[in-house]
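Everything below belongs to input16.cif, which stores mmCIF, C-alpha atoms and all ligand atoms.
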data_data
loop_
_atom_site.label_atom_id
_atom_site.label_comp_id
_atom_site.auth_asym_id
_atom_site.auth_seq_id
_atom_site.Cartn_x
_atom_site.Cartn_y
_atom_site.Cartn_z
CA MET A 116 49.47 -25.56 -11.63
CA ASP A 117 51.02 -27.71 -8.97
CA ASP A 118 49.73 -31.01 -10.32
CA LYS A 119 53.07 -32.11 -11.78
CA LYS A 120 53.54 -34.61 -9.01
CA THR A 121 50.12 -36.13 -9.52
CA ASN A 122 50.63 -36.32 -13.27
CA GLU A 123 53.67 -38.37 -12.54
CA ASN A 124 51.55 -40.62 -10.35
CA LYS A 125 49.22 -41.11 -13.27
CA ASP A 126 51.86 -43.16 -15.00
CA LEU A 127 52.08 -45.61 -12.12
CA PRO A 128 50.12 -48.85 -12.22
CA ILE A 129 46.60 -48.40 -10.84
CA ASP A 130 47.26 -50.47 -7.77
CA ARG A 131 50.25 -48.36 -6.94
CA ARG A 132 48.14 -45.18 -7.32
CA ARG A 133 45.43 -46.61 -5.07
CA PHE A 134 48.08 -47.35 -2.52
CA LEU A 135 49.39 -43.78 -2.71
CA MET A 136 45.91 -42.33 -2.30
CA GLY A 137 45.32 -44.54 0.67
CA SER A 138 48.46 -43.30 2.31
CA MET A 139 47.40 -39.71 1.51
CA GLY A 140 44.08 -40.24 3.20
CA LEU A 141 42.10 -39.85 -0.05
CA ALA A 142 40.94 -43.42 -0.55
CA GLY A 143 37.36 -44.19 -1.45
CA GLY A 144 35.11 -41.15 -1.85
CA THR A 145 36.10 -38.90 -4.72
CA LEU A 146 35.22 -39.40 -8.35
CA ALA A 147 38.90 -39.11 -9.20
CA SER A 148 39.81 -42.00 -6.96
CA GLN A 149 36.99 -44.18 -8.26
CA ILE A 150 38.22 -43.66 -11.80
CA GLY A 151 41.79 -44.26 -10.78
CA PHE A 152 43.31 -40.78 -10.80
CA ALA A 153 45.55 -39.88 -7.90
CA ASP A 154 43.49 -36.78 -7.10
CA ASP A 155 41.06 -34.30 -8.63
CA SER A 156 43.76 -32.22 -10.28
CA ALA A 157 45.16 -35.15 -12.25
CA PHE A 158 42.43 -34.85 -14.87
CA LEU A 159 42.64 -31.09 -15.29
CA PRO A 160 44.02 -29.75 -18.60
CA PRO A 161 45.86 -30.95 -20.55
CA ASN A 162 44.22 -34.21 -19.38
CA SER A 163 40.48 -34.70 -19.70
CA PRO A 164 38.06 -35.47 -16.88
CA PRO A 165 36.24 -38.80 -16.45
CA TRP A 166 32.82 -37.43 -17.41
CA THR A 167 34.06 -36.94 -20.96
CA ARG A 168 34.44 -40.73 -21.27
CA SER A 169 30.95 -41.93 -20.47
CA LEU A 170 27.31 -41.30 -21.24
CA GLY A 171 25.19 -39.25 -18.85
CA PRO A 172 21.54 -39.72 -17.91
CA GLY A 173 19.15 -38.80 -20.71
CA VAL A 174 16.34 -36.33 -21.21
CA LEU A 175 13.51 -36.34 -18.65
CA THR A 176 15.77 -37.49 -15.84
CA ASN A 177 14.20 -34.43 -14.18
CA PRO A 178 10.94 -33.60 -15.99
CA TYR A 179 10.90 -30.39 -13.96
CA GLY A 180 14.55 -29.33 -13.81
CA ARG A 181 16.46 -28.26 -10.76
CA PRO A 182 19.83 -26.64 -10.07
CA SER A 183 23.06 -28.66 -10.06
CA SER A 184 23.62 -30.56 -6.84
CA PHE A 185 26.83 -28.54 -6.50
CA GLU A 186 24.62 -25.49 -5.86
CA ASP A 187 22.77 -27.03 -2.91
CA HIS A 188 24.16 -24.42 -0.53
CA VAL A 189 22.17 -21.71 -2.35
CA GLN A 190 18.92 -21.75 -0.46
CA ARG A 191 16.46 -19.69 1.57
CA ARG A 192 17.29 -19.58 5.25
CA SER A 193 15.53 -18.36 8.36
CA VAL A 194 16.70 -16.77 11.60
CA ASP A 195 15.41 -19.01 14.37
CA TRP A 196 15.24 -16.40 17.13
CA LEU A 197 13.26 -13.98 14.97
CA THR A 198 9.86 -15.68 15.15
CA ALA A 199 8.18 -18.11 17.52
CA ASP A 200 7.38 -20.67 14.83
CA ARG A 201 7.57 -21.21 11.06
CA ILE A 202 3.90 -20.47 10.44
CA ALA A 203 4.03 -16.72 11.08
CA SER A 204 7.60 -16.30 9.94
CA ILE A 205 10.02 -15.29 7.24
CA SER A 206 12.78 -16.87 5.17
CA PHE A 207 15.49 -14.88 3.42
CA THR A 208 16.72 -14.70 -0.18
CA PRO A 209 20.39 -15.79 -0.60
CA LEU A 210 21.44 -12.49 -2.21
CA ALA A 211 25.20 -13.23 -2.21
CA ASP A 212 24.79 -16.12 -4.66
CA LEU A 213 22.36 -14.50 -7.08
CA LYS A 214 23.31 -13.22 -10.52
CA GLY A 215 21.72 -10.49 -12.59
CA ILE A 216 18.52 -8.95 -11.27
CA VAL A 217 15.85 -11.69 -11.43
CA THR A 218 15.42 -13.87 -8.35
CA PRO A 219 14.78 -17.53 -9.23
CA SER A 220 11.30 -18.45 -8.03
CA GLY A 221 12.54 -21.12 -5.61
CA LEU A 222 14.74 -18.58 -3.83
CA VAL A 223 12.29 -15.71 -3.35
CA PHE A 224 12.00 -14.89 0.37
CA GLU A 225 8.78 -16.10 2.02
CA ARG A 226 6.68 -14.14 4.47
CA TYR A 227 3.58 -15.73 5.91
CA HIS A 228 1.25 -14.57 8.66
CA ALA A 229 -0.54 -17.92 8.76
CA GLY A 230 1.44 -20.35 6.64
CA VAL A 231 0.86 -21.23 2.96
CA PRO A 232 -2.68 -22.22 1.96
CA ASP A 233 -2.91 -25.03 -0.59
CA ILE A 234 -5.39 -23.55 -3.06
CA ASP A 235 -7.04 -25.41 -5.94
CA PRO A 236 -7.26 -22.71 -8.62
CA THR A 237 -10.58 -24.05 -9.89
CA LYS A 238 -12.04 -23.35 -6.45
CA HIS A 239 -10.51 -19.92 -6.05
CA ARG A 240 -12.49 -16.72 -6.74
CA LEU A 241 -11.60 -13.04 -6.80
CA MET A 242 -14.50 -10.86 -5.69
CA ILE A 243 -14.57 -7.14 -6.55
CA HIS A 244 -17.33 -5.22 -4.80
CA GLY A 245 -18.19 -2.13 -2.75
CA MET A 246 -18.55 1.28 -4.42
CA VAL A 247 -18.82 -0.12 -7.95
CA GLU A 248 -21.55 -0.29 -10.57
CA ARG A 249 -21.08 -3.95 -11.51
CA PRO A 250 -19.64 -6.12 -8.70
CA ILE A 251 -18.05 -9.32 -10.04
CA ILE A 252 -16.75 -12.67 -8.87
CA LEU A 253 -13.97 -13.90 -11.16
CA THR A 254 -12.68 -17.43 -11.64
CA MET A 255 -9.03 -17.81 -12.65
CA ASP A 256 -10.19 -18.54 -16.19
CA ASP A 257 -12.18 -15.31 -16.21
CA LEU A 258 -9.13 -13.40 -15.03
CA MET A 259 -6.98 -14.79 -17.81
CA ARG A 260 -9.33 -13.48 -20.47
CA PHE A 261 -8.29 -9.91 -19.66
CA PRO A 262 -5.27 -8.41 -21.47
CA SER A 263 -2.11 -9.40 -19.63
CA THR A 264 1.15 -7.58 -19.03
CA SER A 265 4.56 -8.55 -17.62
CA GLU A 266 6.90 -6.32 -15.61
CA ILE A 267 10.14 -6.92 -13.71
CA ARG A 268 9.65 -5.39 -10.25
CA PHE A 269 11.28 -5.83 -6.86
CA LEU A 270 9.39 -7.08 -3.83
CA GLU A 271 10.67 -6.06 -0.39
CA CYS A 272 9.32 -6.46 3.11
CA PRO A 273 9.63 -3.10 4.91
CA ALA A 274 11.12 -5.04 7.85
CA ASN A 275 14.15 -5.77 5.65
CA GLY A 276 17.16 -4.78 7.77
CA GLY A 277 14.84 -3.97 10.66
CA MET A 278 16.95 -5.92 13.15
CA GLU A 279 19.74 -3.37 12.78
CA TRP A 280 18.15 -0.07 13.84
CA ARG A 281 20.23 -0.13 17.00
CA GLY A 282 23.40 -1.76 15.73
CA ALA A 283 24.87 -4.37 13.41
CA GLN A 284 24.05 -7.98 14.23
CA MET A 285 23.30 -10.01 11.10
CA GLU A 286 26.44 -11.78 9.85
CA GLY A 287 25.37 -12.27 6.27
CA VAL A 288 23.82 -10.24 3.48
CA GLN A 289 21.16 -12.95 3.26
CA PHE A 290 19.98 -11.88 6.72
CA SER A 291 20.79 -8.15 6.68
CA HIS A 292 19.04 -7.50 3.32
CA GLY A 293 17.40 -10.74 2.14
CA MET A 294 13.73 -9.84 2.63
CA LEU A 295 14.11 -8.77 -0.98
CA ALA A 296 13.48 -10.32 -4.38
CA CYS A 297 12.87 -9.27 -7.98
CA CYS A 298 10.69 -11.20 -10.41
CA GLU A 299 8.99 -10.84 -13.73
CA TRP A 300 5.34 -10.63 -12.71
CA THR A 301 2.56 -11.37 -15.19
CA GLY A 302 -1.09 -10.53 -14.80
CA VAL A 303 -3.78 -7.94 -15.37
CA MET A 304 -3.41 -4.26 -14.51
CA LEU A 305 -5.72 -3.51 -11.58
CA SER A 306 -6.91 -0.43 -13.49
CA THR A 307 -8.29 -2.76 -16.20
CA LEU A 308 -10.40 -4.65 -13.65
CA LEU A 309 -11.58 -1.41 -12.05
CA GLU A 310 -12.76 -0.21 -15.46
CA GLU A 311 -14.67 -3.47 -15.83
CA VAL A 312 -16.59 -3.00 -12.56
CA GLY A 313 -17.16 0.76 -12.96
CA VAL A 314 -15.81 2.52 -9.89
CA ASP A 315 -17.96 5.15 -8.16
CA LYS A 316 -16.47 8.63 -8.67
CA LYS A 317 -16.44 9.20 -4.90
CA ALA A 318 -14.38 6.06 -4.21
CA SER A 319 -10.77 6.63 -3.17
CA TRP A 320 -9.53 3.46 -1.42
CA ILE A 321 -9.43 -0.30 -2.02
CA LEU A 322 -9.19 -3.05 0.57
CA ALA A 323 -7.22 -6.08 -0.59
CA GLU A 324 -7.77 -9.30 1.37
CA GLY A 325 -6.04 -12.68 1.19
CA ALA A 326 -7.51 -16.20 1.35
CA ASP A 327 -4.99 -17.48 3.90
CA GLY A 328 -5.75 -18.14 7.55
CA SER A 329 -4.61 -14.62 8.49
CA HIS A 330 -7.01 -12.91 6.06
CA MET A 331 -4.14 -10.48 5.57
CA SER A 332 -5.58 -7.17 4.40
CA ARG A 333 -4.35 -3.70 3.50
CA SER A 334 -5.98 -0.46 2.35
CA ILE A 335 -4.62 0.74 -0.98
CA PRO A 336 -5.18 4.31 -2.23
CA MET A 337 -7.06 4.52 -5.54
CA ASP A 338 -4.20 6.49 -7.15
CA LYS A 339 -1.87 3.52 -6.79
CA ALA A 340 -4.54 1.11 -8.04
CA LEU A 341 -5.00 3.21 -11.18
CA ASP A 342 -1.28 3.81 -11.64
CA ASP A 343 0.73 0.56 -11.70
CA ALA A 344 -0.84 -2.02 -9.36
CA MET A 345 -1.08 -5.49 -10.92
CA ILE A 346 -3.20 -8.54 -10.19
CA VAL A 347 -0.63 -11.22 -11.01
CA TYR A 348 -0.94 -14.96 -11.57
CA ALA A 349 2.53 -15.68 -12.90
CA GLN A 350 6.13 -15.20 -11.85
CA ASN A 351 9.29 -15.68 -13.92
CA GLY A 352 7.39 -17.30 -16.77
CA GLU A 353 5.27 -19.83 -14.88
CA MET A 354 2.30 -19.75 -12.57
CA LEU A 355 3.00 -18.19 -9.14
CA ARG A 356 4.63 -20.44 -6.59
CA PRO A 357 2.36 -21.36 -3.64
CA GLU A 358 4.78 -19.40 -1.44
CA GLN A 359 4.22 -16.28 -3.54
CA GLY A 360 0.42 -16.38 -3.52
CA TYR A 361 -0.78 -19.06 -5.97
CA PRO A 362 -3.05 -18.68 -7.79
CA VAL A 363 -3.26 -14.87 -7.66
CA ARG A 364 -1.80 -11.94 -5.75
CA LEU A 365 -1.62 -8.18 -5.75
CA ILE A 366 1.67 -6.51 -6.67
CA ASN A 367 2.04 -2.84 -5.79
CA PRO A 368 5.36 -2.06 -7.48
CA GLY A 369 7.85 -0.32 -5.19
CA TRP A 370 5.57 -0.51 -2.16
CA GLU A 371 5.80 -2.40 1.13
CA GLY A 372 5.67 -6.14 0.53
CA ASN A 373 2.76 -6.47 2.97
CA THR A 374 0.54 -4.45 0.62
CA CYS A 375 1.15 -7.09 -2.05
CA VAL A 376 -1.58 -9.34 -0.70
CA LYS A 377 -1.11 -13.01 -1.65
CA TRP A 378 -3.80 -15.60 -2.34
CA LEU A 379 -5.97 -12.57 -3.17
CA ARG A 380 -9.68 -13.24 -2.74
CA ARG A 381 -11.33 -9.85 -2.32
CA LEU A 382 -11.05 -6.23 -3.43
CA GLU A 383 -13.50 -3.89 -1.76
CA ILE A 384 -13.85 -0.40 -3.16
CA GLY A 385 -14.53 2.36 -0.59
CA ASP A 386 -13.96 6.00 0.26
CA LYS A 387 -11.65 5.70 3.29
CA PRO A 388 -8.94 3.41 4.63
CA TRP A 389 -10.12 0.46 6.77
CA HIS A 390 -7.49 0.72 9.53
CA HIS A 391 -7.31 -3.05 9.90
CA ARG A 392 -4.83 -4.77 12.17
CA GLU A 393 -1.97 -4.66 9.64
CA GLU A 394 -2.17 -0.88 9.39
CA THR A 395 -2.65 -0.04 13.07
CA SER A 396 -0.83 -2.47 15.37
CA LYS A 397 1.61 -3.40 12.57
CA TYR A 398 3.27 -1.60 9.69
CA THR A 399 3.44 1.79 11.35
CA ASP A 400 6.70 3.50 12.31
CA LEU A 401 7.15 4.63 15.92
CA LEU A 402 9.15 7.86 15.98
CA ALA A 403 11.40 9.25 18.73
CA ASP A 404 8.67 11.62 20.00
CA GLY A 405 6.21 8.76 20.54
CA THR A 406 4.02 9.49 17.50
CA SER A 407 3.74 7.00 14.65
CA ARG A 408 3.89 7.36 10.91
CA GLU A 409 1.20 5.37 9.12
CA PHE A 410 0.61 4.36 5.49
CA THR A 411 4.32 4.58 4.73
CA TYR A 412 3.95 2.60 1.57
CA VAL A 413 7.02 3.39 -0.50
CA GLN A 414 10.23 1.37 -0.17
CA GLU A 415 12.71 4.18 -0.56
CA CYS A 416 16.05 4.01 -2.35
CA ASN A 417 18.46 1.46 -0.90
CA SER A 418 21.52 -0.55 -1.90
CA VAL A 419 23.93 -3.16 -0.57
CA VAL A 420 27.19 -4.72 -1.65
CA THR A 421 26.62 -8.47 -2.05
CA SER A 422 30.26 -9.39 -2.80
CA PRO A 423 32.35 -9.12 -0.73
CA SER A 424 30.05 -9.96 2.15
CA PRO A 425 30.27 -12.41 5.07
CA GLU A 426 29.22 -15.12 2.56
CA LYS A 427 31.78 -13.99 -0.03
CA PRO A 428 35.08 -13.33 1.74
CA TRP A 429 38.24 -12.44 -0.18
CA GLN A 430 40.73 -15.29 -0.50
CA ARG A 431 43.90 -13.47 -1.56
CA LYS A 432 45.27 -10.06 -2.57
CA GLY A 433 44.65 -8.76 -6.05
CA LYS A 434 41.80 -7.72 -8.33
CA TYR A 435 38.15 -8.18 -7.40
CA TRP A 436 34.81 -7.26 -8.89
CA VAL A 437 32.92 -5.62 -6.05
CA GLU A 438 29.22 -5.84 -6.79
CA GLY A 439 25.83 -5.26 -5.31
CA LEU A 440 22.19 -4.40 -5.78
CA ALA A 441 20.37 -1.06 -5.70
CA TRP A 442 16.66 -0.34 -5.92
CA SER A 443 14.07 2.39 -5.39
CA GLY A 444 10.32 2.25 -4.94
CA ASN A 445 10.16 5.70 -6.52
CA GLY A 446 11.51 4.73 -9.93
CA ARG A 447 14.91 4.03 -11.47
CA VAL A 448 18.23 4.03 -9.69
CA ARG A 449 20.23 6.88 -11.25
CA HIS A 450 23.63 6.51 -9.66
CA VAL A 451 25.57 4.28 -7.24
CA ASP A 452 28.86 5.15 -5.53
CA VAL A 453 31.08 2.75 -3.62
CA SER A 454 33.46 3.68 -0.80
CA PHE A 455 36.35 1.59 0.54
CA ASP A 456 37.16 3.86 3.48
CA GLY A 457 33.83 4.07 5.27
CA GLY A 458 32.36 6.96 3.30
CA VAL A 459 35.27 9.41 3.06
CA ASN A 460 36.06 8.84 -0.61
CA TRP A 461 33.60 7.54 -3.19
CA ARG A 462 33.99 5.90 -6.60
CA GLU A 463 31.24 5.78 -9.20
CA ALA A 464 30.00 2.23 -9.80
CA ARG A 465 28.99 0.87 -13.20
CA PHE A 466 25.55 -0.62 -13.83
CA SER A 467 25.97 -4.23 -14.91
CA SER A 468 22.28 -4.90 -15.58
CA VAL A 469 19.41 -3.24 -17.37
CA VAL A 470 18.12 -0.30 -15.28
CA LEU A 471 14.36 -0.63 -14.84
CA PRO A 472 12.02 1.37 -12.59
CA LYS A 473 11.12 -0.24 -9.23
CA SER A 474 13.42 -3.15 -10.01
CA LEU A 475 16.65 -4.45 -8.62
CA THR A 476 19.61 -2.94 -10.46
CA ARG A 477 23.05 -4.52 -10.35
CA PHE A 478 26.18 -2.43 -10.01
CA GLY A 479 29.90 -3.19 -9.77
CA VAL A 480 33.32 -1.61 -9.46
CA GLU A 481 36.83 -3.04 -9.86
CA PHE A 482 39.11 -3.05 -6.84
CA ASP A 483 42.71 -4.12 -6.34
CA TRP A 484 43.06 -5.38 -2.78
CA ASP A 485 46.44 -4.88 -1.08
CA GLY A 486 45.46 -7.01 1.91
CA SER A 487 44.70 -4.13 4.26
CA PRO A 488 41.34 -3.82 6.06
CA GLN A 489 38.59 -2.04 4.09
CA MET A 490 35.30 -0.40 5.05
CA ILE A 491 33.09 -1.00 2.02
CA GLN A 492 29.85 0.92 1.49
CA SER A 493 27.44 1.61 -1.36
CA ARG A 494 25.25 4.69 -1.69
CA ALA A 495 22.45 4.85 -4.25
CA VAL A 496 20.63 7.87 -5.68
CA ASP A 497 17.32 7.45 -7.50
CA GLU A 498 15.83 9.40 -10.38
CA THR A 499 13.94 11.69 -8.01
CA GLY A 500 17.33 12.84 -6.62
CA TYR A 501 16.74 11.04 -3.28
CA VAL A 502 20.07 9.99 -1.76
CA GLN A 503 20.30 6.89 0.45
CA PRO A 504 20.85 8.25 3.99
CA THR A 505 23.62 7.60 6.50
CA TYR A 506 22.66 6.07 9.86
CA THR A 507 23.11 9.50 11.47
CA GLN A 508 20.67 11.08 9.01
CA LEU A 509 18.15 8.24 9.27
CA ARG A 510 18.19 8.17 13.08
CA ALA A 511 17.90 11.97 13.26
CA ALA A 512 14.69 11.74 11.23
CA ARG A 513 13.24 8.51 12.59
CA GLY A 514 14.81 7.66 15.99
CA THR A 515 15.64 4.01 16.74
CA ASN A 516 12.24 2.60 17.76
CA SER A 517 11.22 1.61 14.26
CA VAL A 518 11.20 -1.82 12.72
CA TYR A 519 10.41 -0.79 9.16
CA HIS A 520 12.03 1.25 6.38
CA LYS A 521 15.65 1.03 7.43
CA ASN A 522 17.54 1.95 4.26
CA ALA A 523 20.75 3.42 5.70
CA ILE A 524 24.12 3.06 3.95
CA HIS A 525 25.47 -0.35 4.96
CA THR A 526 29.12 -1.13 5.81
CA TRP A 527 31.04 -4.38 5.37
CA LYS A 528 34.44 -4.49 7.03
CA VAL A 529 36.92 -6.60 5.07
CA ASN A 530 39.47 -7.83 7.60
CA ALA A 531 43.16 -8.44 6.84
CA ASP A 532 42.48 -12.18 6.49
CA GLY A 533 39.77 -11.47 3.89
CA SER A 534 36.85 -12.38 6.15
CA VAL A 535 33.99 -9.88 6.16
CA SER A 536 32.11 -8.52 9.19
CA ASN A 537 28.99 -6.43 9.56
CA VAL A 538 29.77 -3.06 11.19
CA GLN A 539 27.92 0.23 11.38
CA ILE A 540 29.41 3.62 10.63
CA THR A 541 27.19 6.50 11.70
N1 LIG A 601 -2.48 -13.12 2.21
C1 LIG A 601 -1.26 -12.75 2.61
N2 LIG A 601 -0.56 -11.90 1.85
C2 LIG A 601 0.66 -11.50 2.22
C3 LIG A 601 1.24 -11.95 3.43
C4 LIG A 601 0.50 -12.87 4.21
O1 LIG A 601 0.94 -13.35 5.27
N3 LIG A 601 -0.74 -13.25 3.78
N4 LIG A 601 2.48 -11.46 3.81
C5 LIG A 601 2.81 -10.15 3.27
C6 LIG A 601 4.13 -9.68 3.58
S1 LIG A 601 4.37 -9.05 5.14
C7 LIG A 601 5.12 -9.61 2.62
S2 LIG A 601 6.61 -8.91 2.96
C8 LIG A 601 4.91 -10.19 1.28
C9 LIG A 601 5.97 -11.24 1.02
O2 LIG A 601 5.81 -11.82 -0.24
P1 LIG A 601 6.55 -13.18 -0.60
O3 LIG A 601 6.26 -14.18 0.49
O4 LIG A 601 6.05 -13.55 -1.93
O5 LIG A 601 8.02 -12.86 -0.62
O6 LIG A 601 3.64 -10.80 1.13
C10 LIG A 601 2.60 -10.09 1.75
N5 LIG A 601 1.34 -10.65 1.40
MO MO A 602 6.45 -7.97 5.21
#

This entry written out as structure tokens:
Amino acid sequence: MDDKKTNENKDLPIDRRRFLMGSMGLAGGTLASQIGFADDSAFLPPNSPPWTRSLGPGVLTNPYGRPSSFEDHVQRRSVDWLTADRIASISFTPLADLKGIVTPSGLVFERYHAGVPDIDPTKHRLMIHGMVERPIILTMDDLMRFPSTSEIRFLECPANGGMEWRGAQMEGVQFSHGMLACCEWTGVMLSTLLEEVGVDKKASWILAEGADGSHMSRSIPMDKALDDAMIVYAQNGEMLRPEQGYPVRLINPGWEGNTCVKWLRRLEIGDKPWHHREETSKYTDLLADGTSREFTYVQECNSVVTSPSPEKPWQRKGKYWVEGLAWSGNGRVRHVDVSFDGGVNWREARFSSVVLPKSLTRFGVEFDWDGSPQMIQSRAVDETGYVQPTYTQLRAARGTNSVYHKNAIHTWKVNADGSVSNVQIT
């Protein structure tokens, strides 16, 4: 500690200390100066800080709590040039500052096609109709009488990383990978509701439609509906946030975020896909030969190092905990390797979270930095054996015209000064 000098100052009369601070340009502002310490380090151990000598505000200062004001920099952000306005737009999850695998509700990325509707739950209905024996219109109270279940699952927009098909440009993991979140979702299995209405044996598709101004809709195959699709009304232990679809949304675990229709008002049971706007003009993948893939629902295995990253540069040589997130829409992440030389040599990373299917999984590896430039990558493998592709492999299969489903191995270059840049290695 280099606070010897300031500890000496502590023994000076207060006026003298004030004078010193003034001459050091520290007068006024800081808590230390208000209390009469020469600077912030003067009350570090073995001394005790000023807040140990007074009473703080009591309970219910914030009836609904919020993070410390010292965490104000941790927030969703948007990329202004990406969309024409904030109505049909997206904000990004601050991945570099998150811990564990659950995204706090207030930091989950937002994607709206027509802004957020302000829905009174007592006036909201979920209609289930079409090829069913007993069509129903459910109130929220009706919905909550069905058995509920809670699952931790990731939610990812397939456009995540879509700005980088042709090269690196997003200087931050928030922007390169932040159309991604992971929550505990609570609601009713869609299969339970389908049992209630009695689905026609010839039915094979479901249209899900939202109550927002865009009437966002997607066709969902019956297999998914009967497998693990959920009609959720809660997120991380409380009712859904308006941004996430209050009072009710569809969650198709591991599938494109756009299929997870928010503010869900209607499920129509049919025997073929509807080919609405969001599955024809949007959410298809234009290949190099001019044809398009459609109904590419699954968010395949992907990973990214979140620290270091442009937001988390290295300050000095020595030991670091290099960590990141991996996920797969096909199940559990089985293995993550990290490279420090752009993919020549790989080291096995350790999982530092619980490993759940279709969930974010946290990994880390220790690294002793000698101050030389590094090319850091992570490569995830899921339980199906699928290996996250290189850019060369992905572009060979998909060309560069796509927006969606870019899950190539990502590279952060750590420069000699510890700053981190986004680069691509093919
Ligand atoms: N009704 C409705 N549902 C919607 C959308 C929308 O605009 N309207 N956006 C979709 C898209 S494109 C994505 S990626 C996810 C984003 O979910 P989030 O805003 O909770 O992160 O919601 C999907 N559900
Ligand atoms: Mo999306």

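Distances to A:Gln289 were evaluated for A:Thr541, A:Thr208, A:Ser329, A:Ser334 using only C-alpha atoms, and the minimum falls at A:Thr208.
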
At a cut-off of 9 Å and counting all atoms listed in the file, what residues surround ligand LIG 601 (chain A)? Please answer as an NGL selection string.
:A and (203-208 or 223-231 or 270-275 or 294-296 or 323-332 or 356-360 or 364-365 or 371-380 or 393 or 398)

Go ahead and write the selection's residues with C-alpha atoms as a compact mmCIF listing (two decimals), keeping the file's coordinate frame.
# COMPACT_ATOMS: atom_id res chain seq x y z
CA ALA A 203 4.03 -16.72 11.08
CA SER A 204 7.60 -16.30 9.94
CA ILE A 205 10.02 -15.29 7.24
CA SER A 206 12.78 -16.87 5.17
CA PHE A 207 15.49 -14.88 3.42
CA THR A 208 16.72 -14.70 -0.18
CA VAL A 223 12.29 -15.71 -3.35
CA PHE A 224 12.00 -14.89 0.37
CA GLU A 225 8.78 -16.10 2.02
CA ARG A 226 6.68 -14.14 4.47
CA TYR A 227 3.58 -15.73 5.91
CA HIS A 228 1.25 -14.57 8.66
CA ALA A 229 -0.54 -17.92 8.76
CA GLY A 230 1.44 -20.35 6.64
CA VAL A 231 0.86 -21.23 2.96
CA LEU A 270 9.39 -7.08 -3.83
CA GLU A 271 10.67 -6.06 -0.39
CA CYS A 272 9.32 -6.46 3.11
CA PRO A 273 9.63 -3.10 4.91
CA ALA A 274 11.12 -5.04 7.85
CA ASN A 275 14.15 -5.77 5.65
CA MET A 294 13.73 -9.84 2.63
CA LEU A 295 14.11 -8.77 -0.98
CA ALA A 296 13.48 -10.32 -4.38
CA ALA A 323 -7.22 -6.08 -0.59
CA GLU A 324 -7.77 -9.30 1.37
CA GLY A 325 -6.04 -12.68 1.19
CA ALA A 326 -7.51 -16.20 1.35
CA ASP A 327 -4.99 -17.48 3.90
CA GLY A 328 -5.75 -18.14 7.55
CA SER A 329 -4.61 -14.62 8.49
CA HIS A 330 -7.01 -12.91 6.06
CA MET A 331 -4.14 -10.48 5.57
CA SER A 332 -5.58 -7.17 4.40
CA ARG A 356 4.63 -20.44 -6.59
CA PRO A 357 2.36 -21.36 -3.64
CA GLU A 358 4.78 -19.40 -1.44
CA GLN A 359 4.22 -16.28 -3.54
CA GLY A 360 0.42 -16.38 -3.52
CA ARG A 364 -1.80 -11.94 -5.75
CA LEU A 365 -1.62 -8.18 -5.75
CA GLU A 371 5.80 -2.40 1.13
CA GLY A 372 5.67 -6.14 0.53
CA ASN A 373 2.76 -6.47 2.97
CA THR A 374 0.54 -4.45 0.62
CA CYS A 375 1.15 -7.09 -2.05
CA VAL A 376 -1.58 -9.34 -0.70
CA LYS A 377 -1.11 -13.01 -1.65
CA TRP A 378 -3.80 -15.60 -2.34
CA LEU A 379 -5.97 -12.57 -3.17
CA ARG A 380 -9.68 -13.24 -2.74
CA GLU A 393 -1.97 -4.66 9.64
CA TYR A 398 3.27 -1.60 9.69

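What separates atom CA of A:Ala157 from atom CA of A:Val189 is a distance of 28.4 Å.
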
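Excluding A:Ala283 itself and same-chain residues fewer than 6 positions from it, the residues having an atom within 9 Å of it are Ser291, Asn537, Val538 and Gln539 of chain A, counting only C-alpha atoms.
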
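Minimum atom-to-atom distance to ligand MO 602 (chain A), evaluated using all atoms listed in the file, belongs to A:Glu394 out of A:Glu394, A:Asp338, A:Asp200, A:Glu286.
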
Residues within 8 Å of (22.2, 5.4, -2.1), file coordinates, counting only C-alpha atoms: what are they? Give the list as a ChimeraX atom specification. /A:416-418,441,450-452,493-497,501-504,524

Selection file, C-alpha atoms, as a PDB file, in the coordinates of the input:
ATOM      1  CA  CYS A 416      16.050   4.010  -2.350  1.00  0.00           C
ATOM      2  CA  ASN A 417      18.460   1.460  -0.900  1.00  0.00           C
ATOM      3  CA  SER A 418      21.520  -0.550  -1.900  1.00  0.00           C
ATOM      4  CA  ALA A 441      20.370  -1.060  -5.700  1.00  0.00           C
ATOM      5  CA  HIS A 450      23.630   6.510  -9.660  1.00  0.00           C
ATOM      6  CA  VAL A 451      25.570   4.280  -7.240  1.00  0.00           C
ATOM      7  CA  ASP A 452      28.860   5.150  -5.530  1.00  0.00           C
ATOM      8  CA  SER A 493      27.440   1.610  -1.360  1.00  0.00           C
ATOM      9  CA  ARG A 494      25.250   4.690  -1.690  1.00  0.00           C
ATOM     10  CA  ALA A 495      22.450   4.850  -4.250  1.00  0.00           C
ATOM     11  CA  VAL A 496      20.630   7.870  -5.680  1.00  0.00           C
ATOM     12  CA  ASP A 497      17.320   7.450  -7.500  1.00  0.00           C
ATOM     13  CA  TYR A 501      16.740  11.040  -3.280  1.00  0.00           C
ATOM     14  CA  VAL A 502      20.070   9.990  -1.760  1.00  0.00           C
ATOM     15  CA  GLN A 503      20.300   6.890   0.450  1.00  0.00           C
ATOM     16  CA  PRO A 504      20.850   8.250   3.990  1.00  0.00           C
ATOM     17  CA  ILE A 524      24.120   3.060   3.950  1.00  0.00           C
TER      18      ILE A 524
END

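Interatomic distance, atom CA of A:Thr264 to atom CA of A:Pro178: 28.0 Å.
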